[in-house]
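Visitor: Have a look at the structure that comes next, please.
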Amino acid sequence: MTKTMSLVSALLCTFIWGTTFIAQDTGMDEIGPLTFNGARFFIGFLSVLPFAILFEKKKIIKEINLNKKLFFKLLFFVGLFLFLGTYVQQAALLYTDIANAAFFTIFYVPIVPIILYFFYNKSIHWSIWPSILFCIAGVYLLSDFSNATMRKGDGLVILCAIFWSLHIIFIGKFIKQFDLPLSFGALQALLVAFFSTFFAIIFETVTFSNILNEYISIIYAGALSGGVAFTLQIYAQKNISAAPAAIIFSLEGVFAAVAAWLILNQILGFNNILGCVLILLGVLFSQLAPLYKKKLKVNYT
């Protein structure tokens with residue numbers, strides 16, 4: 001049951017991320033990417049904080065005291081990687097289109113198991129590798145990348161994928177040690193808001209009236225994506241290891257395409273639909289193949 005709830009959390013998280021892509025793109029008409037992220041993640045912090053206080057107030061001190069040094073070390077790195085990932089992704093949207101961004105962001109799917117295998121000596125189930133190929137091929141078709149032009153932003157999105165990969169890996173490390181998904185979700189959002197605001201003051205012109213003009217995009221991207229979705233990610237990774245979690249999160253491209261179809265009337269062609277199917281197959285294969293192997297073991301014992 002707990003694995004099922006984690007899968008549901010991962011899917012809901014991914015759905016929110018996918019639909020937020022539109023808000024991320026339209027939310028920078030009058031403000032810069034750092035300003036947008038600063039406001040977005042502060043709203044995210046405020047949206048999660050009441051739930052963290054309500055459900056985790058009694059155990060937060062106890063959990064942190066288990067290993068204070070490790071807790072704050074993981075919080076710093078998770079917040080840093082999330083800040084860098086979201087900032088680079090936002091900045092990339094100024095130079096490239098959503099199609100290219102969707103394709104290159106999905107590079108975190110192969111990057112996560114590669115980092116785990118070569119740098120952490122962690123064994124990876126064989127089903128992950130064909131699932132990665134399904135997902136990359138699917139996003140290629142989904143994004144119509146073959147019709148897009150290489151831009152400066154494409155390199156930024158590849159860099160963004162590296163930061164996303166490290167964020168997913170470090171979230172996995174945190175949730176194995178501490179049972180504080182809500183509190184950690186609120187704190188990481190606050191840390192990203194702090195980093196973003198600090199650098200926005202230095203590198204951008206921060207105008208409060210311009211921020212208010214983007215309030216719809218900021219509230220949606222903040223409360224749902226910056227707050228709820230990233231907290232759901234923490235809970236999801238409690239029972240799903242980093243590599244298959246990255247594959248599930250690749251459904252972000254499918255949800256983004258469907259949202260663009262419903263909201264922006266962008267028609268899905270045959271290649272787009274085929275891409276969605278390939279990503280779904282990759283996700284299902286990564287989850288079902290290990291279960292089939294376990295079932296065989298049970299039947300033979």
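For the structure tokens, the naming scheme is as follows: chains receive sequential letters (A, B, ...) according to their order of presentation, residues are indexed from 1 within each chain, and ligands are indexed from 1 in presentation order.
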Identify, on the basis of only C-alpha atoms, every residue whose closest approach to Ile168 in chain A does not exceed 9 Å; exclude the query and any residue fewer than 5 positions from it along the same chain; express the result as a PDB file with N, CA and C atoms, in the first residue's frame.

Guide:
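That gives us part_38.pdb:
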ATOM      1  N   VAL A  78      20.331  19.877  -1.303  1.00  0.00           N
ATOM      2  CA  VAL A  78      19.045  19.740  -1.998  1.00  0.00           C
ATOM      3  C   VAL A  78      18.536  21.120  -2.427  1.00  0.00           C
ATOM      4  N   VAL A 112      20.658  10.123 -13.926  1.00  0.00           N
ATOM      5  CA  VAL A 112      20.498   9.619 -12.550  1.00  0.00           C
ATOM      6  C   VAL A 112      21.108   8.230 -12.372  1.00  0.00           C
ATOM      7  N   PHE A 163      21.583  19.200 -12.731  1.00  0.00           N
ATOM      8  CA  PHE A 163      21.162  19.659 -11.404  1.00  0.00           C
ATOM      9  C   PHE A 163      19.906  18.919 -10.929  1.00  0.00           C
ATOM     10  N   LYS A 173      18.524  10.266  -0.720  1.00  0.00           N
ATOM     11  CA  LYS A 173      19.371  10.103   0.461  1.00  0.00           C
ATOM     12  C   LYS A 173      18.681  10.644   1.710  1.00  0.00           C
ATOM     13  N   GLN A 233       7.213  14.868  -4.261  1.00  0.00           N
ATOM     14  CA  GLN A 233       8.402  14.175  -4.759  1.00  0.00           C
ATOM     15  C   GLN A 233       9.161  13.519  -3.610  1.00  0.00           C
ATOM     16  N   ILE A 234       9.288  14.241  -2.501  1.00  0.00           N
ATOM     17  CA  ILE A 234      10.001  13.707  -1.333  1.00  0.00           C
ATOM     18  C   ILE A 234       9.294  12.468  -0.812  1.00  0.00           C
ATOM     19  N   GLN A 237       9.671   9.414  -3.233  1.00  0.00           N
ATOM     20  CA  GLN A 237      10.972   8.752  -3.237  1.00  0.00           C
ATOM     21  C   GLN A 237      11.255   7.984  -1.947  1.00  0.00           C
ATOM     22  N   ALA A 242      15.868   6.172  -6.741  1.00  0.00           N
ATOM     23  CA  ALA A 242      16.080   7.346  -7.583  1.00  0.00           C
ATOM     24  C   ALA A 242      15.957   7.070  -9.078  1.00  0.00           C
ATOM     25  N   ALA A 243      16.539   5.959  -9.568  1.00  0.00           N
ATOM     26  CA  ALA A 243      16.539   5.694 -11.010  1.00  0.00           C
ATOM     27  C   ALA A 243      15.125   5.493 -11.577  1.00  0.00           C
ATOM     28  N   ALA A 245      12.384   6.430 -10.191  1.00  0.00           N
ATOM     29  CA  ALA A 245      11.653   7.680  -9.925  1.00  0.00           C
ATOM     30  C   ALA A 245      11.892   8.672 -11.052  1.00  0.00           C
ATOM     31  N   ALA A 246      13.139   8.775 -11.525  1.00  0.00           N
ATOM     32  CA  ALA A 246      13.460   9.684 -12.627  1.00  0.00           C
ATOM     33  C   ALA A 246      12.669   9.326 -13.878  1.00  0.00           C
TER      34      ALA A 246
END

Visitor: Using only C-alpha atoms, which residues sit within 10 Å of Lys176 in chain A once same-chain residues fewer than 2 positions away are excluded, as an MDAnalysis selection string?

Guide: chainID A and resid 170:174 178:179 237:239 241

Visitor: Those same residues, written as a tab-separated table (two decimals), in the first residue's frame with N, CA and C atoms?

Guide:
chain	number	residue	atom	x	y	z
A	170	PHE	N	19.84	13.30	-4.11
A	170	PHE	CA	19.98	13.76	-2.72
A	170	PHE	C	18.65	13.70	-1.96
A	171	ILE	N	17.53	13.87	-2.66
A	171	ILE	CA	16.23	13.67	-2.02
A	171	ILE	C	16.10	12.22	-1.58
A	172	GLY	N	16.56	11.31	-2.45
A	172	GLY	CA	16.54	9.88	-2.09
A	172	GLY	C	17.37	9.61	-0.84
A	173	LYS	N	18.52	10.27	-0.72
A	173	LYS	CA	19.37	10.10	0.46
A	173	LYS	C	18.68	10.64	1.71
A	174	PHE	N	18.02	11.79	1.57
A	174	PHE	CA	17.36	12.41	2.73
A	174	PHE	C	16.24	11.53	3.26
A	178	PHE	N	15.45	10.54	7.18
A	178	PHE	CA	14.54	11.38	7.97
A	178	PHE	C	13.11	11.26	7.45
A	179	ASP	N	12.16	11.19	8.35
A	179	ASP	CA	10.74	11.08	8.00
A	179	ASP	C	10.06	12.44	8.18
A	237	GLN	N	9.67	9.41	-3.23
A	237	GLN	CA	10.97	8.75	-3.24
A	237	GLN	C	11.25	7.98	-1.95
A	238	LYS	N	10.31	8.03	-1.03
A	238	LYS	CA	10.46	7.24	0.20
A	238	LYS	C	10.40	5.75	-0.12
A	239	ASN	N	9.60	5.37	-1.12
A	239	ASN	CA	9.43	3.95	-1.46
A	239	ASN	C	9.79	3.64	-2.91
A	241	SER	N	13.13	4.07	-5.55
A	241	SER	CA	14.53	4.47	-5.65
A	241	SER	C	14.71	5.51	-6.76

Visitor: For Gln177 in chain A, which residue out of A:Leu212, A:Ile22, A:Met5, A:Leu74 is the nearest one, using only C-alpha atoms?

Guide: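 The answer is A:Leu74, which sits nearest to Gln177 in chain A.
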
Visitor: How many Å lie between CA of Leu278 in chain A and CA of Val139 in chain A, rounded to one decimal?

Guide: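 Taking CA of Leu278 in chain A and CA of Val139 in chain A, their separation equals 8.3 Å.
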
Visitor: Hey, what's within 9 Å of Leu80 in chain A if we count only C-alpha atoms and toss same-chain stuff fewer than 2 positions away? As a PyMOL selection string, please?

Guide: chain A and resi 75-78+82-85+163+167+188+191-192+195

Visitor: One number please: CA of Tyr235 in chain A to CA of Ile248 in chain A, in Å, one decimal.

Guide: 13.9 Å

Visitor: Kindly indicate which residue among A:Ala221, A:Cys135, A:Ile60, A:Ile43 lies nearest to Asp25 in chain A, using only C-alpha atoms for the distances.

Guide: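 Checking each of A:Ala221, A:Cys135, A:Ile60, A:Ile43 against Asp25 in chain A, counting only C-alpha atoms, the winner is A:Ala221.
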
Visitor: Let's see if you can do this: from backbone DSSP, list all alpha helix (DSSP H) residues in range 49-239 of chain A, as a PyMOL selection string.

Guide: chain A and resi 49-56+60-66+68-92+98-105+108-119+128-143+152-177+181-203+208-213+215-219+230-236

Visitor: Rank A:Ile263, A:Cys160, A:Leu133, A:Val8 by their smallest atom-to-atom distance to Ala236 in chain A, using only C-alpha atoms, and report the top residue only.

Guide: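 Looking at the shortest contact to Ala236 in chain A, the residue is A:Val8.
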